[in-house]
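Peer 1: Dropping in model30.txt, which is compact mmCIF, C-alpha atoms:
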# COMPACT_ATOMS: atom_id res chain seq x y z
CA HIS A 539 -24.59 6.64 69.21
CA SER A 540 -24.02 3.08 70.25
CA LEU A 541 -27.20 1.86 68.57
CA GLY A 542 -26.27 3.60 65.31
CA GLU A 543 -22.79 2.07 65.37
CA GLN A 544 -24.18 -1.41 66.07
CA ASN A 545 -26.70 -1.22 63.26
CA LYS A 546 -24.77 0.70 60.59
CA ASN A 547 -23.92 -2.42 58.58
CA VAL A 548 -27.26 -4.20 58.98
CA LYS A 549 -28.77 -5.09 55.61
CA ASN A 550 -32.38 -4.17 54.85
CA LYS A 551 -32.24 -1.45 57.47
CA LYS A 552 -34.46 1.54 56.71
CA ASP A 553 -32.17 3.99 58.48
CA ASN A 554 -28.53 3.98 57.35
CA ALA A 555 -27.36 6.51 59.94
CA ASP A 556 -24.15 5.58 61.71
CA GLY A 557 -23.59 6.41 65.39
CA PRO A 558 -22.73 10.10 65.08
CA GLU A 559 -25.45 10.84 62.54
CA LEU A 560 -28.11 9.04 64.58
CA MET A 561 -26.92 10.81 67.73
CA LYS A 562 -27.05 14.24 66.06
CA ARG A 563 -30.54 13.62 64.73
CA THR A 564 -31.84 12.22 68.03
CA VAL A 565 -30.46 15.07 70.15
CA SER A 566 -31.88 17.57 67.64
CA GLU A 567 -35.32 15.98 67.88
CA ILE A 568 -35.37 15.69 71.67
CA PHE A 569 -34.17 19.22 72.41
CA ASP A 570 -35.50 20.92 69.28
CA ILE A 571 -32.13 22.47 68.47
CA PRO A 572 -30.06 21.83 65.38
CA ILE A 573 -26.88 19.82 65.84
CA HIS A 574 -24.68 20.59 62.86
CA TYR A 575 -21.43 18.83 63.73
CA PHE A 576 -19.89 16.21 65.94
CA ILE A 577 -16.42 15.45 67.22
CA ARG A 578 -15.76 11.99 68.62
CA VAL A 579 -12.55 11.26 70.50
CA ASP A 580 -11.61 7.77 71.64
CA PHE A 581 -9.79 7.03 74.89
CA GLN A 582 -6.30 7.14 73.37
CA GLY A 583 -7.08 10.45 71.67
CA PHE A 584 -8.38 11.88 74.93
CA VAL A 585 -5.18 10.89 76.76
CA LYS A 586 -3.05 12.43 73.98
CA ILE A 587 -5.00 15.70 74.08
CA VAL A 588 -4.65 16.09 77.85
CA ASN A 589 -0.98 15.12 77.80
CA SER A 590 -0.25 17.53 74.93
CA LEU A 591 -1.48 20.31 77.22
CA GLY A 592 0.78 19.14 80.05
CA GLY A 593 -2.14 17.74 82.02
CA VAL A 594 -5.17 19.45 83.53
CA THR A 595 -6.01 20.73 87.00
CA ILE A 596 -9.26 19.44 88.47
CA ASP A 597 -10.95 20.42 91.72
CA VAL A 598 -12.15 17.02 92.90
CA PRO A 599 -15.22 17.75 95.07
CA GLU A 600 -15.03 14.54 97.13
CA ASN A 601 -12.82 11.48 97.40
CA LEU A 602 -13.31 9.12 94.49
CA ASN A 603 -12.77 5.51 95.52
CA ASP A 604 -13.31 2.84 92.87
CA PRO A 605 -11.84 -0.52 93.94
CA LEU A 606 -13.32 -2.18 90.84
CA TYR A 607 -11.85 0.08 88.16
CA PRO A 608 -10.94 -2.30 85.29
CA ASP A 609 -7.32 -2.96 84.42
CA LYS A 610 -5.98 -2.40 80.90
CA GLN A 611 -6.59 -6.03 79.88
CA LEU A 612 -10.19 -5.86 81.20
CA ILE A 613 -9.69 -9.10 83.12
CA GLY A 614 -8.93 -7.75 86.57
CA TYR A 615 -9.01 -4.58 88.58
CA GLU A 616 -6.79 -1.56 89.03
CA PRO A 617 -8.19 0.13 92.14
CA LEU A 618 -8.55 3.89 91.76
CA PHE A 619 -8.46 6.45 94.56
CA ILE A 620 -8.40 10.18 93.92
CA LYS A 621 -8.32 12.44 96.95
CA ALA A 622 -10.68 15.40 97.19
CA GLY A 623 -9.12 18.77 96.44
CA THR A 624 -7.14 20.31 93.63
CA GLN A 625 -5.39 17.61 91.60
CA LYS A 626 -3.13 17.91 88.57
CA MET A 627 -4.00 15.01 86.28
CA THR A 628 -2.20 13.41 83.39
CA GLY A 629 -4.25 12.19 80.46
CA GLU A 630 -4.31 8.69 81.93
CA LEU A 631 -5.61 9.83 85.33
CA ALA A 632 -8.11 12.26 83.79
CA LEU A 633 -9.50 9.39 81.70
CA LYS A 634 -9.91 7.23 84.81
CA TYR A 635 -11.57 10.13 86.63
CA ALA A 636 -13.99 10.56 83.71
CA ARG A 637 -14.75 6.84 83.32
CA SER A 638 -15.04 5.65 86.93
CA ARG A 639 -18.55 4.48 87.64
CA GLN A 640 -18.48 1.76 90.27
CA THR A 641 -19.01 3.80 93.42
CA THR A 642 -20.84 6.79 91.92
CA SER A 643 -23.74 7.28 89.56
CA ASP A 644 -23.75 7.83 85.81
CA PHE A 645 -24.91 11.36 86.61
CA ALA A 646 -21.83 12.00 88.77
CA ARG A 647 -19.68 10.57 85.98
CA ALA A 648 -21.29 12.97 83.48
CA LYS A 649 -20.52 15.89 85.80
CA ARG A 650 -16.88 14.78 86.03
CA GLN A 651 -16.70 14.55 82.24
CA GLN A 652 -18.03 18.10 81.90
CA GLN A 653 -15.52 19.23 84.51
CA ILE A 654 -12.65 17.74 82.49
CA ILE A 655 -13.85 19.23 79.19
CA SER A 656 -13.96 22.63 80.88
CA ALA A 657 -10.47 22.10 82.33
CA ILE A 658 -9.12 21.17 78.87
CA LYS A 659 -10.60 24.36 77.42
CA ASP A 660 -9.20 26.47 80.26
CA LYS A 661 -5.74 24.94 79.97
CA ALA A 662 -5.70 25.40 76.20
CA MET A 663 -6.74 29.04 76.70
CA ASN A 664 -4.10 29.65 79.38
CA LEU A 665 -1.43 28.30 77.06
CA ASN A 666 -2.84 30.49 74.27
CA TYR A 667 -3.07 27.22 72.37
CA LEU A 668 -6.18 28.14 70.43
CA SER A 669 -4.62 31.27 68.94
CA TYR A 670 -2.15 29.35 66.81
CA PRO A 671 -3.53 27.33 63.87
CA GLN A 672 -0.24 25.44 63.61
CA LYS A 673 -0.65 24.16 67.19
CA ILE A 674 -4.19 23.06 66.39
CA ASN A 675 -2.94 21.28 63.26
CA GLN A 676 -0.17 19.59 65.29
CA LEU A 677 -2.72 18.42 67.85
CA ILE A 678 -5.07 17.07 65.17
CA SER A 679 -2.15 15.26 63.54
CA ALA A 680 -1.04 13.83 66.89
CA VAL A 681 -4.44 12.36 67.70
CA GLY A 682 -4.97 11.26 64.08
CA GLU A 683 -7.19 8.21 63.84
CA HIS A 684 -8.34 8.67 67.43
CA VAL A 685 -10.62 11.55 66.42
CA ARG A 686 -13.56 11.51 64.04
CA THR A 687 -15.53 14.58 62.99
CA ASP A 688 -17.67 15.89 60.17
CA MET A 689 -16.08 19.33 60.48
CA GLN A 690 -13.50 20.67 58.05
CA LEU A 691 -10.25 22.11 59.44
CA LYS A 692 -11.38 25.68 58.69
CA GLU A 693 -14.63 25.04 60.57
CA ILE A 694 -12.69 23.69 63.57
CA GLN A 695 -10.44 26.74 63.54
CA ARG A 696 -13.45 29.08 63.37
CA LEU A 697 -15.16 27.23 66.23
CA LEU A 698 -12.02 27.57 68.35
CA GLU A 699 -11.87 31.30 67.57
CA ILE A 700 -15.42 31.67 68.86
CA VAL A 701 -14.88 29.45 71.92
CA LYS A 702 -11.73 31.26 73.05
CA ASP A 703 -13.72 34.47 73.56
CA ILE A 704 -16.34 32.86 75.80
CA PRO A 705 -15.45 33.20 79.49
CA SER A 706 -15.67 29.91 81.36
CA ASP A 707 -18.00 31.45 83.95
CA LYS A 708 -20.50 32.17 81.15
CA ILE A 709 -20.71 28.53 80.03
CA ILE A 710 -23.65 26.66 81.49
CA SER A 711 -23.27 22.90 81.84
CA TYR A 712 -26.12 20.78 83.04
CA VAL A 713 -26.40 17.06 83.67
CA LEU A 714 -29.84 15.64 83.00
CA ASP A 715 -30.52 13.67 86.16
CA ASN A 716 -33.20 12.48 88.54
CA SER A 717 -32.23 14.69 91.49
CA ALA A 718 -34.79 16.87 93.27
CA THR A 719 -34.00 19.71 90.85
CA GLY A 720 -33.33 17.46 87.85
CA LEU A 721 -35.37 17.20 84.68
CA LEU A 722 -35.86 13.43 84.88
CA THR A 723 -37.79 11.17 87.18
CA ASN A 724 -37.68 7.43 87.81
CA TYR A 725 -40.22 5.23 86.05
CA ASN A 726 -40.59 1.55 86.84
CA GLU A 727 -42.83 -0.44 84.55
CA GLY A 728 -41.35 -3.56 83.00
CA GLY A 729 -37.90 -2.07 83.60
CA TYR A 730 -36.18 0.94 85.07
CA TYR A 731 -36.41 4.14 83.01
CA LEU A 732 -35.83 7.82 83.41
CA ILE A 733 -38.55 9.98 81.88
CA PRO A 734 -39.02 13.78 81.63
Kindly transcribe the structure held in the file into structure tokens.
Peer 2:
Amino acid sequence: HSLGEQNKNVKNKKDNADGPELMKRTVSEIFDIPIHYFIRVDFQGFVKIVNSLGGVTIDVPENLNDPLYPDKQLIGYEPLFIKAGTQKMTGELALKYARSRQTTSDFARAKRQQQIISAIKDKAMNLNYLSYPQKINQLISAVGEHVRTDMQLKEIQRLLEIVKDIPSDKIISYVLDNSATGLLTNYNEGGYYLIP
């Protein structure tokens, strides 16, 4: 995604795919599954979504201590500590929980991000949010320019209709990592890589 965004305006480039299009194509090629759509939400949009739901409840598996979490101006630090256990999080805290990386791995961060996405879905379901197209429209209007997608509103509504009938315990999330049971392994040759 990042590479596509960086190179989308480069002249004489053979591939004119922007970030989302390059990401969709790459994921499709790697996993041999079609990726038809994307939804991209920036940080402000994420905060607005979580806050519009009244926050989310997260079971924090272990204390998260990040003394080097960046402040809003990105010139100093705003130390972050989240105690293990069930925590109700505002959009701002959920974003910090999802972004913190200093004292954990990128793999742990990916797991936290999946945990938050699941919590957003569960909260929206508990509020019966997904059953009312007008609430979905209000949410889309509220996040406005903070969301980008190639889906039409009717496609989003249909997707939400399908998703609401899938029990959370039937959703399988997996972080590709280099753990003993992971699908990746370390490779050191001229740099540090993870390979299948």
Peer 1: Please provide as JSON, numbers by chain all residues within 8 Å of region 560-573 of chain A, with the sequence filter that same-chain residues fewer than 3 positions apart are discarded (counting only C-alpha atoms).
Peer 2: {"A": [539, 542, 555, 556, 557, 576]}
Peer 1: Using only C-alpha atoms, which of the listed residues (A:Tyr667, A:Tyr635, A:Phe619, A:Tyr607) sits closest to Glu699 (chain A)?
Peer 2: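 Residue with the minimum atom-to-atom distance to Glu699 (chain A): A:Tyr667.
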Peer 1: Quick one: distance from CA of Lys621 (chain A) to CA of Thr642 (chain A) in Å, one decimal?
Peer 2: 14.6 Å
Peer 1: One decimal, in Å: what's the spacing between CA of Glu727 (chain A) and CA of Arg637 (chain A)?
Peer 2: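 Between CA of Glu727 (chain A) and CA of Arg637 (chain A) the gap works out to 29.0 Å.
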Peer 1: For Ile620 (chain A), please output as a list in words all residues within 9 Å (counting all atoms listed in the file; exclusion window: fewer than 6 positions along the same chain).
Peer 2: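 The filter keeps Val598, Glu600, Asn601, Leu602, Asn603, Asp604 and Tyr635 of chain A.
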Peer 1: Separation of CA of Phe645 (chain A) and CA of Met663 (chain A), in Å?
Peer 2: 27.2 Å
